[in-house]
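The structure appears right after this line, and notes come after that.
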Amino acid sequence: MNKIMINNISLGDEVPKICVPVIGRSDAEILEQSEAIEREAERLVQAGIRPAPCVDIVEFRADYYDNICNQTLLTELLKKLKEQHKDRLLLFTFRTEEEGGELRHDRAGSMLDDIYAWAMVSGYIDLLDVELLSGNYRVVRTATKAKDLGIGVVLSYHNFEETPHTKDLEEILWDMEQLGGDILKIAVTPKTQFDVHRILELTDQIKKGRAAQPITKPVVLISMTKLGEKTRTEGAKLGSAFTFGTVSAASAPGQIPLEALAKALS
């Protein structure tokens, strides 16, 4: 797989990166969680559990934010988040309800293109999550604008019902790559340990260049829920560009507390 360099942080290399989500409705709640991430990361570094920066990416889950439809307030919040996480990448994610998001806003769904644009032109985000199923036109248009602004695109697909056949997963990754994704993320739901094994095997095959489809971009492959927990540690070691840990709230089922994740990856 090819590496991608975003603000001096390499994704897709031999060192798995850690991403921690921030989930909150108000500015105060979001910034409190954000500060807690900084404190916990510093504690783990001081304890020698994982070298600095410990947390490489902070994901802002914008679908939870009460003021998501206000460009001024959103921009001010992104500025504060970036100031808190100067040495980390800031990933902007608006997860739709269909893919597990907290869509509570009457206007937000119809304003998604505007919300993406506000986040990108703010100058404070490093990575933007775009859902594959939002449609090829939106994906290509948004990815093109992001690249013009120097923002990396995490093209994502989530399935909360099952783990599709491996061939179908490879086709999804191939589509993501052709549509302009810089990092290709798939999160699926296992029904058996064999489903979990297939995700780990596909991660390894992609890393070794042996997948049926020639995937060259960094990937993040996750089997969700408790059953798929080991994909968050072993998968990272096998080639997933980053994995998710938690300091407070989790953004998807099966995420591991940051300390336990840091120890597993050390």
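Residue numbers start at 1 in each chain; chains themselves are named A, B, ... in the order of the structure tokens; ligands are numbered from 1 in the order shown.
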
Sorted by chain and rising residue number, list the residues of region 61-100 of chain A at most 10 Å from region 147-164 of chain A (counting only C-alpha atoms), each with its closest atom pair and distance in Å to one decimal, as a tab-separated table.
```
residue	atom	partner	partner_atom	distance
A:Leu91	CA	A:Val154	CA	8.7
A:Phe92	CA	A:Val154	CA	9.5
A:Thr93	CA	A:Val154	CA	9.2
A:Arg95	CA	A:Ser156	CA	9.8
A:Glu98	CA	A:His158	CA	8.9
A:Glu99	CA	A:His158	CA	5.7
A:Gly100	CA	A:Phe160	CA	7.7
```

Keeping N, CA, C and O atoms, export the residues of the selection given above as a compact mmCIF listing (two decimals), in the first residue's frame.
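Okay, this is what ended up in selection_22.txt:
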```
# COMPACT_ATOMS: atom_id res chain seq x y z
N LEU A 91 -9.94 15.05 12.32
CA LEU A 91 -10.81 14.39 11.34
C LEU A 91 -12.23 14.86 11.56
O LEU A 91 -12.78 14.73 12.66
N PHE A 92 -12.84 15.40 10.50
CA PHE A 92 -14.22 15.88 10.57
C PHE A 92 -15.13 14.80 10.01
O PHE A 92 -14.99 14.40 8.84
N THR A 93 -16.08 14.34 10.83
CA THR A 93 -17.00 13.29 10.41
C THR A 93 -18.43 13.71 10.69
O THR A 93 -18.77 14.02 11.83
N ARG A 95 -21.62 11.68 10.39
CA ARG A 95 -22.13 10.35 10.09
C ARG A 95 -23.65 10.42 9.92
O ARG A 95 -24.35 10.92 10.80
N GLU A 98 -28.29 6.65 8.46
CA GLU A 98 -28.27 5.35 7.79
C GLU A 98 -27.00 4.57 8.09
O GLU A 98 -26.99 3.34 8.00
N GLU A 99 -25.93 5.26 8.43
CA GLU A 99 -24.67 4.58 8.71
C GLU A 99 -24.25 4.72 10.17
O GLU A 99 -23.07 4.69 10.50
N GLY A 100 -25.25 4.86 11.04
CA GLY A 100 -24.98 4.83 12.47
C GLY A 100 -24.81 6.18 13.13
O GLY A 100 -24.38 6.26 14.27
```

Practice prompt. Please return as a ChimeraX atom specification: the residues of region 96-233 of chain A that backbone DSSP assigns to alpha helix (DSSP H).
Written response: /A:112-121,136-148,166-178,193-207

Wanna dump the region 120-202 of chain A-region 57-74 of chain A contacts at 12 Å for me, each residue with its shortest atom pair and the distance in Å to one decimal, counting only C-alpha atoms, ordered by chain and number, as a Markdown table?
```
| residue | atom | partner | partner_atom | distance |
| --- | --- | --- | --- | --- |
| A:Met120 | CA | A:Gln71 | CA | 11.3 |
| A:Val121 | CA | A:Gln71 | CA | 10.5 |
| A:Ser122 | CA | A:Leu74 | CA | 8.9 |
| A:Tyr124 | CA | A:Leu74 | CA | 10.8 |
| A:Ile125 | CA | A:Phe60 | CA | 9.5 |
| A:Asp126 | CA | A:Ile57 | CA | 9.3 |
| A:Leu127 | CA | A:Glu59 | CA | 8.9 |
| A:Leu128 | CA | A:Glu59 | CA | 9.4 |
| A:Asp129 | CA | A:Glu59 | CA | 9.4 |
| A:Val154 | CA | A:Glu59 | CA | 11.4 |
```

Write the residues of the selection above to a file with all heavy atoms, as a CSV table (one decimal), in the first residue's frame.
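Here's the written file result.csv:
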```
chain,number,residue,atom,x,y,z
A,120,MET,N,-14.3,22.4,5.4
A,120,MET,CA,-13.1,22.4,4.6
A,120,MET,C,-12.5,23.9,4.5
A,120,MET,O,-11.3,24.0,4.6
A,120,MET,CB,-13.4,21.9,3.2
A,120,MET,CG,-13.6,20.4,3.2
A,120,MET,SD,-13.7,19.7,1.5
A,120,MET,CE,-15.3,20.2,1.0
A,121,VAL,N,-13.3,24.9,4.3
A,121,VAL,CA,-12.8,26.2,4.1
A,121,VAL,C,-12.4,26.8,5.5
A,121,VAL,O,-11.8,27.9,5.5
A,121,VAL,CB,-13.8,27.1,3.4
A,121,VAL,CG1,-14.1,26.6,2.0
A,121,VAL,CG2,-15.1,27.4,4.2
A,122,SER,N,-12.8,26.2,6.6
A,122,SER,CA,-12.4,26.7,7.9
A,122,SER,C,-10.9,26.8,8.1
A,122,SER,O,-10.4,27.7,8.8
A,122,SER,CB,-13.0,25.9,9.0
A,122,SER,OG,-12.3,24.6,9.1
A,124,TYR,N,-9.2,24.4,9.5
A,124,TYR,CA,-8.8,23.8,10.7
A,124,TYR,C,-8.9,22.3,10.7
A,124,TYR,O,-8.4,21.6,11.7
A,124,TYR,CB,-9.7,24.3,11.9
A,124,TYR,CG,-9.6,25.8,12.1
A,124,TYR,CD1,-10.7,26.6,11.9
A,124,TYR,CD2,-8.4,26.4,12.4
A,124,TYR,CE1,-10.6,28.0,12.1
A,124,TYR,CE2,-8.2,27.7,12.6
A,124,TYR,CZ,-9.4,28.5,12.4
A,124,TYR,OH,-9.3,29.9,12.6
A,125,ILE,N,-9.4,21.7,9.7
A,125,ILE,CA,-9.4,20.2,9.6
A,125,ILE,C,-8.3,19.7,8.7
A,125,ILE,O,-7.9,20.3,7.8
A,125,ILE,CB,-10.8,19.7,9.2
A,125,ILE,CG1,-11.1,19.9,7.7
A,125,ILE,CG2,-11.9,20.3,10.1
A,125,ILE,CD1,-12.3,19.2,7.2
A,126,ASP,N,-7.9,18.4,9.0
A,126,ASP,CA,-6.8,17.8,8.3
A,126,ASP,C,-7.4,16.6,7.4
A,126,ASP,O,-6.8,16.3,6.4
A,126,ASP,CB,-5.8,17.2,9.2
A,126,ASP,CG,-5.2,18.3,10.1
A,126,ASP,OD1,-4.5,19.2,9.6
A,126,ASP,OD2,-5.5,18.3,11.3
A,127,LEU,N,-8.5,16.0,7.9
A,127,LEU,CA,-9.1,14.9,7.2
A,127,LEU,C,-10.6,15.1,7.2
A,127,LEU,O,-11.2,15.6,8.2
A,127,LEU,CB,-8.7,13.6,8.0
A,127,LEU,CG,-7.3,13.1,8.0
A,127,LEU,CD1,-7.1,12.0,9.1
A,127,LEU,CD2,-6.8,12.6,6.6
A,128,LEU,N,-11.2,14.6,6.2
A,128,LEU,CA,-12.7,14.7,6.0
A,128,LEU,C,-13.2,13.3,5.7
A,128,LEU,O,-12.8,12.7,4.8
A,128,LEU,CB,-13.1,15.7,4.9
A,128,LEU,CG,-14.6,15.8,4.6
A,128,LEU,CD1,-15.3,16.5,5.8
A,128,LEU,CD2,-14.8,16.6,3.3
A,129,ASP,N,-14.2,12.9,6.5
A,129,ASP,CA,-14.8,11.6,6.2
A,129,ASP,C,-16.0,11.8,5.3
A,129,ASP,O,-16.8,12.7,5.5
A,129,ASP,CB,-15.4,11.0,7.5
A,129,ASP,CG,-16.1,9.6,7.3
A,129,ASP,OD1,-17.2,9.6,6.8
A,129,ASP,OD2,-15.5,8.6,7.7
A,154,VAL,N,-11.1,10.5,3.9
A,154,VAL,CA,-11.4,9.2,4.4
A,154,VAL,C,-12.7,8.8,3.8
A,154,VAL,O,-13.8,9.3,4.2
A,154,VAL,CB,-11.5,9.1,6.0
A,154,VAL,CG1,-11.8,7.7,6.4
A,154,VAL,CG2,-10.2,9.6,6.6
```

Discussion item. With only C-alpha atoms as the counted atoms, please give the residues lying no more than 10 Å from region 13-21 of chain A, apart from itself and same-chain residues fewer than 5 positions off, as an MDAnalysis selection string.
Written reply: chainID A and resid 1:5 33:34 37 53:61 88:93 207 218 232:233 235:252 255:258 261:262 265:266

Discussion item. I need the residues in region 19-135 of chain A that are strand (DSSP E or B) according to DSSP; give them as an MDAnalysis selection string.
Written reply: chainID A and resid 19:22 57:61 89:93 127:131

Residues from last step as file, N, CA and C atoms, as a short mmCIF file (atom, residue, chain, number, x, y, z; two decimals), in the first residue's frame:
```
data_model
loop_
_atom_site.label_atom_id
_atom_site.label_comp_id
_atom_site.auth_asym_id
_atom_site.auth_seq_id
_atom_site.Cartn_x
_atom_site.Cartn_y
_atom_site.Cartn_z
N CYS A 19 -6.83 6.79 16.64
CA CYS A 19 -7.82 7.86 16.50
C CYS A 19 -8.79 7.77 17.67
N VAL A 20 -9.10 8.92 18.27
CA VAL A 20 -10.05 8.97 19.38
C VAL A 20 -11.18 9.92 19.01
N PRO A 21 -12.44 9.48 19.13
CA PRO A 21 -13.56 10.34 18.78
C PRO A 21 -13.96 11.30 19.89
N VAL A 22 -14.47 12.45 19.48
CA VAL A 22 -15.09 13.43 20.39
C VAL A 22 -16.56 13.49 20.04
N ILE A 57 -4.84 11.02 15.84
CA ILE A 57 -5.99 11.63 15.17
C ILE A 57 -7.10 11.82 16.19
N VAL A 58 -7.72 12.99 16.16
CA VAL A 58 -8.93 13.25 16.94
C VAL A 58 -10.08 13.40 15.95
N GLU A 59 -11.11 12.59 16.12
CA GLU A 59 -12.27 12.63 15.24
C GLU A 59 -13.38 13.45 15.89
N PHE A 60 -13.80 14.53 15.24
CA PHE A 60 -14.93 15.31 15.69
C PHE A 60 -16.18 14.77 15.01
N ARG A 61 -17.08 14.16 15.81
CA ARG A 61 -18.32 13.62 15.28
C ARG A 61 -19.36 14.74 15.22
N LEU A 89 -3.89 15.14 14.07
CA LEU A 89 -4.75 15.42 12.94
C LEU A 89 -6.19 15.54 13.42
N LEU A 90 -6.93 16.48 12.84
CA LEU A 90 -8.35 16.64 13.18
C LEU A 90 -9.18 16.09 12.02
N LEU A 91 -9.94 15.05 12.32
CA LEU A 91 -10.81 14.39 11.34
C LEU A 91 -12.23 14.86 11.56
N PHE A 92 -12.84 15.40 10.50
CA PHE A 92 -14.22 15.88 10.57
C PHE A 92 -15.13 14.80 10.01
N THR A 93 -16.08 14.34 10.83
CA THR A 93 -17.00 13.29 10.41
C THR A 93 -18.43 13.71 10.69
N LEU A 127 -8.46 16.03 7.90
CA LEU A 127 -9.08 14.89 7.24
C LEU A 127 -10.59 15.08 7.23
N LEU A 128 -11.22 14.63 6.16
CA LEU A 128 -12.68 14.71 6.04
C LEU A 128 -13.22 13.32 5.71
N ASP A 129 -14.18 12.86 6.52
CA ASP A 129 -14.85 11.59 6.24
C ASP A 129 -16.01 11.84 5.27
N VAL A 130 -16.04 11.06 4.20
CA VAL A 130 -17.14 11.12 3.24
C VAL A 130 -17.67 9.70 3.05
N GLU A 131 -18.97 9.53 3.17
CA GLU A 131 -19.55 8.20 3.05
C GLU A 131 -19.71 7.80 1.58
#
```

Fill in: Interatomic distance (Å, one decimal) between CA of Gln213 (chain A) and CA of Phe94 (chain A)
28.6 Å

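In this model, the gap between CA of Arg138 (chain A) and CA of Ile6 (chain A) comes to 22.8 Å.
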
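If you measure from each of A:Glu102, A:Leu81, A:Glu170, A:Glu38 to Arg25 (chain A) using only C-alpha atoms, the closest one turns out to be A:Glu102.
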
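One finds CA of Pro214 (chain A) at 28.7 Å from CA of Leu227 (chain A).
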
Fill in: Ala212 (chain A) surroundings by only C-alpha atoms, 10 Å radius, close-in-sequence under 6 positions cut, as a PyMOL selection string
chain A and resi 166-167+170-171+174+202+205-206

Residues of the last selection are to be written out with C-alpha atoms, as a short mmCIF file (atom, residue, chain, number, x, y, z; two decimals), in the first residue's frame.
```cif
data_model
loop_
_atom_site.label_atom_id
_atom_site.label_comp_id
_atom_site.auth_asym_id
_atom_site.auth_seq_id
_atom_site.Cartn_x
_atom_site.Cartn_y
_atom_site.Cartn_z
CA THR A 166 -14.80 -10.74 0.77
CA LYS A 167 -15.10 -10.26 -3.00
CA GLU A 170 -12.70 -5.76 -2.37
CA GLU A 171 -15.05 -4.25 -4.95
CA TRP A 174 -11.72 -0.57 -5.48
CA LEU A 202 -8.22 -9.17 3.81
CA GLN A 205 -3.66 -9.59 1.84
CA ILE A 206 -3.97 -5.92 0.91
#
```

Worksheet item: Nearest to Ser223 (chain A): which of A:Ala187, A:Ala143, A:Ala41, A:Leu133 is it, counting only C-alpha atoms?
Response: A:Ala187
